$ cat data.pdb   # PDB, C-alpha atoms, pLDDT in the B column
ATOM      1  CA  VAL A   1     111.247  94.565 111.873  1.00 83.00           C
ATOM      2  CA  GLN A   2     112.237  95.622 108.345  1.00 89.00           C
ATOM      3  CA  GLY A   3     110.696  99.059 108.876  1.00 88.00           C
ATOM      4  CA  ALA A   4     110.375 102.062 111.155  1.00 86.00           C
ATOM      5  CA  HIS A   5     108.099 102.602 114.138  1.00 84.00           C
ATOM      6  CA  PRO A   6     106.662  99.108 114.576  1.00 87.00           C
ATOM      7  CA  ARG A   7     103.149  99.555 115.984  1.00 91.00           C
ATOM      8  CA  HIS A   8     101.778  96.047 116.332  1.00 94.00           C
ATOM      9  CA  PHE A   9     102.595  92.417 115.698  1.00 94.00           C
ATOM     10  CA  ALA A  10     100.716  89.132 115.785  1.00 94.00           C
ATOM     11  CA  LEU A  11     101.624  85.468 115.722  1.00 93.00           C
ATOM     12  CA  ILE A  12      99.702  83.259 113.338  1.00 91.00           C
ATOM     13  CA  PRO A  13      97.991  80.493 115.374  1.00 87.00           C
ATOM     14  CA  GLY A  14     100.384  77.582 115.533  1.00 88.00           C
ATOM     15  CA  GLY A  15     103.239  80.050 116.005  1.00 89.00           C
ATOM     16  CA  ARG A  16     105.003  79.441 112.691  1.00 94.00           C
ATOM     17  CA  TYR A  17     104.839  83.050 111.418  1.00 95.00           C
ATOM     18  CA  LEU A  18     104.806  86.562 112.873  1.00 95.00           C
ATOM     19  CA  ILE A  19     103.293  89.584 111.113  1.00 95.00           C
ATOM     20  CA  ALA A  20     104.598  93.082 111.964  1.00 96.00           C
ATOM     21  CA  ALA A  21     103.048  96.458 111.065  1.00 96.00           C
ATOM     22  CA  ASN A  22     105.498  99.364 110.632  1.00 95.00           C
ATOM     23  CA  ARG A  23     103.726 102.725 110.724  1.00 93.00           C
ATOM     24  CA  ASP A  24     106.402 105.131 109.486  1.00 94.00           C
ATOM     25  CA  THR A  25     107.585 103.002 106.555  1.00 95.00           C
ATOM     26  CA  ASN A  26     104.021 102.051 105.500  1.00 96.00           C
ATOM     27  CA  ASN A  27     104.591  98.310 105.368  1.00 96.00           C
ATOM     28  CA  ILE A  28     103.509  95.010 106.861  1.00 96.00           C
ATOM     29  CA  VAL A  29     106.112  92.240 106.868  1.00 96.00           C
ATOM     30  CA  THR A  30     106.216  88.536 107.724  1.00 96.00           C
ATOM     31  CA  PHE A  31     108.788  86.540 109.648  1.00 97.00           C
ATOM     32  CA  GLN A  32     109.151  82.806 110.088  1.00 97.00           C
ATOM     33  CA  VAL A  33     109.590  81.761 113.723  1.00 97.00           C
ATOM     34  CA  ASP A  34     112.286  79.165 114.476  1.00 96.00           C
ATOM     35  CA  ARG A  35     110.439  76.732 116.749  1.00 92.00           C
ATOM     36  CA  GLU A  36     113.567  75.673 118.611  1.00 95.00           C
ATOM     37  CA  SER A  37     115.262  79.017 119.260  1.00 96.00           C
ATOM     38  CA  GLY A  38     112.340  81.443 118.880  1.00 93.00           C
ATOM     39  CA  LYS A  39     114.434  83.575 116.505  1.00 97.00           C
ATOM     40  CA  LEU A  40     112.705  85.416 113.683  1.00 96.00           C
ATOM     41  CA  HIS A  41     113.778  85.114 110.049  1.00 97.00           C
ATOM     42  CA  TYR A  42     112.524  87.677 107.519  1.00 97.00           C
ATOM     43  CA  THR A  43     110.655  85.848 104.751  1.00 97.00           C
ATOM     44  CA  GLY A  44     111.207  88.564 102.146  1.00 97.00           C
ATOM     45  CA  ASN A  45     107.443  89.156 102.021  1.00 96.00           C
ATOM     46  CA  SER A  46     106.296  92.726 102.550  1.00 96.00           C
ATOM     47  CA  ILE A  47     103.271  94.724 101.466  1.00 96.00           C
ATOM     48  CA  GLU A  48     102.841  98.486 101.313  1.00 96.00           C
ATOM     49  CA  VAL A  49      99.934  99.781 103.418  1.00 95.00           C
ATOM     50  CA  SER A  50      99.296 103.381 104.431  1.00 95.00           C
ATOM     51  CA  LYS A  51     100.137 103.902 108.134  1.00 93.00           C
ATOM     52  CA  PRO A  52      99.349 100.404 109.462  1.00 93.00           C
ATOM     53  CA  VAL A  53      98.837 100.392 113.216  1.00 88.00           C
ATOM     54  CA  CYS A  54      97.301  96.966 113.893  1.00 91.00           C
ATOM     55  CA  VAL A  55      97.351  93.497 112.329  1.00 92.00           C
ATOM     56  CA  GLN A  56      94.820  90.706 112.817  1.00 88.00           C
ATOM     57  CA  PRO A  57      95.320  87.299 111.163  1.00 82.00           C
ATOM     58  CA  PHE A  58      92.327  86.339 109.004  1.00 77.00           C
ATOM     59  CA  TYR A  59      91.290  82.770 108.281  1.00 70.00           C
ATOM     60  CA  LEU A  60      88.932  81.429 105.663  1.00 59.00           C
TER
END
$ encode --input "data.pdb" --output "structure tokens"
Amino acid sequence: VQGAHPRHFALIPGGRYLIAANRDTNNIVTFQVDRESGKLHYTGNSIEVSKPVCVQPFYL
């Protein structure tokens, strides 16, 4: 999960991406979901957030 102590994760509706919150490394990261195999591929996108414990996708 590209961090320590993953606390929560969420799939973006449509299932193309997964967001994971890592509490002990203070980061939230994104993964692309392979639709055929279900495997996750780290996108290289990460943001620093103090002690994240939950993620909720937000839509405009």
$ resolve_selection --input "data.pdb" --expression "the PyMOL selection byres ((chain A and resi 4-9) around 6)" --output "PyMOL selection string"
chain A and resi 3+10+19-25+53-54
$ closest_residue --input "data.pdb" --among "A:Gln2, A:Arg16, A:Ser50, A:Phe58" --to "Arg35 of chain A" --atoms "only C-alpha atoms"
A:Arg16
$ residues_around --input "data.pdb" --residues "Pro57 of chain A" --least-positions-apart "2" --cutoff "7 Å" --atoms "all atoms listed in the file" --output "list in words"
Ile12, Val55 and Tyr59 of chain A
$ closest_residue --input "data.pdb" --among "A:Leu11, A:Asp34, A:Leu40, A:Asn26" --to "Gln56 of chain A" --atoms "all atoms listed in the file"
A:Leu11
$ atom_distance --input "data.pdb" --atom1 "atom CA of Ile47 of chain A" --atom2 "atom CA of Val29 of chain A"
6.6 Å
$ resolve_selection --input "data.pdb" --expression "the PyMOL selection byres ((chain A and resi 45) around 12)" --output "PyMOL selection string"
chain A and resi 1-2+17-20+27-32+41-44+46-48
$ axis_aligned_box --input "data.pdb" --around "segment 20-36 of chain A" --padding-each-side "4 Å" --output "lines of an AutoDock Vina configuration file"
center_x = 108.3
center_y = 90.4
center_z = 112.0
size_x = 18.5
size_y = 37.5
size_z = 21.2
$ build_atoms --input "data.pdb" --residues "segment 14-32 of chain A" --atoms "N, CA, C and O atoms" --output "PDB file, in the frame of the given file"
ATOM      1  N   GLY A  14      99.424  78.632 115.837  1.00 88.00           N
ATOM      2  CA  GLY A  14     100.384  77.582 115.533  1.00 88.00           C
ATOM      3  C   GLY A  14     101.804  78.088 115.718  1.00 88.00           C
ATOM      4  O   GLY A  14     102.734  77.319 115.853  1.00 88.00           O
ATOM      5  N   GLY A  15     101.962  79.428 115.699  1.00 89.00           N
ATOM      6  CA  GLY A  15     103.239  80.050 116.005  1.00 89.00           C
ATOM      7  C   GLY A  15     104.314  79.959 114.952  1.00 89.00           C
ATOM      8  O   GLY A  15     105.468  80.269 115.215  1.00 89.00           O
ATOM      9  N   ARG A  16     103.973  79.592 113.724  1.00 94.00           N
ATOM     10  CA  ARG A  16     105.003  79.441 112.691  1.00 94.00           C
ATOM     11  C   ARG A  16     105.440  80.767 112.073  1.00 94.00           C
ATOM     12  O   ARG A  16     106.574  80.913 111.622  1.00 94.00           O
ATOM     13  N   TYR A  17     104.529  81.760 112.029  1.00 95.00           N
ATOM     14  CA  TYR A  17     104.839  83.050 111.418  1.00 95.00           C
ATOM     15  C   TYR A  17     104.425  84.198 112.334  1.00 95.00           C
ATOM     16  O   TYR A  17     103.494  84.078 113.126  1.00 95.00           O
ATOM     17  N   LEU A  18     105.133  85.326 112.172  1.00 95.00           N
ATOM     18  CA  LEU A  18     104.806  86.562 112.873  1.00 95.00           C
ATOM     19  C   LEU A  18     104.606  87.640 111.821  1.00 95.00           C
ATOM     20  O   LEU A  18     105.364  87.720 110.850  1.00 95.00           O
ATOM     21  N   ILE A  19     103.589  88.461 112.008  1.00 95.00           N
ATOM     22  CA  ILE A  19     103.293  89.584 111.113  1.00 95.00           C
ATOM     23  C   ILE A  19     103.567  90.863 111.898  1.00 95.00           C
ATOM     24  O   ILE A  19     103.118  90.995 113.039  1.00 95.00           O
ATOM     25  N   ALA A  20     104.290  91.817 111.299  1.00 96.00           N
ATOM     26  CA  ALA A  20     104.598  93.082 111.964  1.00 96.00           C
ATOM     27  C   ALA A  20     104.144  94.255 111.104  1.00 96.00           C
ATOM     28  O   ALA A  20     104.375  94.275 109.894  1.00 96.00           O
ATOM     29  N   ALA A  21     103.499  95.242 111.745  1.00 96.00           N
ATOM     30  CA  ALA A  21     103.048  96.458 111.065  1.00 96.00           C
ATOM     31  C   ALA A  21     103.987  97.607 111.436  1.00 96.00           C
ATOM     32  O   ALA A  21     104.177  97.895 112.609  1.00 96.00           O
ATOM     33  N   ASN A  22     104.564  98.248 110.437  1.00 95.00           N
ATOM     34  CA  ASN A  22     105.498  99.364 110.632  1.00 95.00           C
ATOM     35  C   ASN A  22     104.863 100.655 110.132  1.00 95.00           C
ATOM     36  O   ASN A  22     104.724 100.862 108.925  1.00 95.00           O
ATOM     37  N   ARG A  23     104.487 101.522 111.065  1.00 93.00           N
ATOM     38  CA  ARG A  23     103.726 102.725 110.724  1.00 93.00           C
ATOM     39  C   ARG A  23     104.488 103.699 109.832  1.00 93.00           C
ATOM     40  O   ARG A  23     103.971 104.155 108.813  1.00 93.00           O
ATOM     41  N   ASP A  24     105.701 104.064 110.198  1.00 94.00           N
ATOM     42  CA  ASP A  24     106.402 105.131 109.486  1.00 94.00           C
ATOM     43  C   ASP A  24     106.953 104.730 108.128  1.00 94.00           C
ATOM     44  O   ASP A  24     107.243 105.592 107.299  1.00 94.00           O
ATOM     45  N   THR A  25     107.116 103.437 107.877  1.00 95.00           N
ATOM     46  CA  THR A  25     107.585 103.002 106.555  1.00 95.00           C
ATOM     47  C   THR A  25     106.452 102.395 105.735  1.00 95.00           C
ATOM     48  O   THR A  25     106.691 101.870 104.647  1.00 95.00           O
ATOM     49  N   ASN A  26     105.214 102.471 106.257  1.00 96.00           N
ATOM     50  CA  ASN A  26     104.021 102.051 105.500  1.00 96.00           C
ATOM     51  C   ASN A  26     104.122 100.627 104.970  1.00 96.00           C
ATOM     52  O   ASN A  26     103.844 100.379 103.798  1.00 96.00           O
ATOM     53  N   ASN A  27     104.516  99.691 105.844  1.00 96.00           N
ATOM     54  CA  ASN A  27     104.591  98.310 105.368  1.00 96.00           C
ATOM     55  C   ASN A  27     104.200  97.316 106.462  1.00 96.00           C
ATOM     56  O   ASN A  27     104.247  97.598 107.648  1.00 96.00           O
ATOM     57  N   ILE A  28     103.779  96.155 105.997  1.00 96.00           N
ATOM     58  CA  ILE A  28     103.509  95.010 106.861  1.00 96.00           C
ATOM     59  C   ILE A  28     104.410  93.893 106.353  1.00 96.00           C
ATOM     60  O   ILE A  28     104.468  93.633 105.144  1.00 96.00           O
ATOM     61  N   VAL A  29     105.134  93.252 107.259  1.00 96.00           N
ATOM     62  CA  VAL A  29     106.112  92.240 106.868  1.00 96.00           C
ATOM     63  C   VAL A  29     105.863  90.934 107.636  1.00 96.00           C
ATOM     64  O   VAL A  29     105.234  90.936 108.691  1.00 96.00           O
ATOM     65  N   THR A  30     106.366  89.836 107.070  1.00 96.00           N
ATOM     66  CA  THR A  30     106.216  88.536 107.724  1.00 96.00           C
ATOM     67  C   THR A  30     107.579  87.944 108.056  1.00 96.00           C
ATOM     68  O   THR A  30     108.560  88.135 107.327  1.00 96.00           O
ATOM     69  N   PHE A  31     107.600  87.236 109.172  1.00 97.00           N
ATOM     70  CA  PHE A  31     108.788  86.540 109.648  1.00 97.00           C
ATOM     71  C   PHE A  31     108.415  85.097 109.952  1.00 97.00           C
ATOM     72  O   PHE A  31     107.326  84.830 110.463  1.00 97.00           O
ATOM     73  N   GLN A  32     109.328  84.191 109.667  1.00 97.00           N
ATOM     74  CA  GLN A  32     109.151  82.806 110.088  1.00 97.00           C
ATOM     75  C   GLN A  32     109.785  82.667 111.467  1.00 97.00           C
ATOM     76  O   GLN A  32     110.858  83.224 111.723  1.00 97.00           O
TER      77      GLN A  32
END
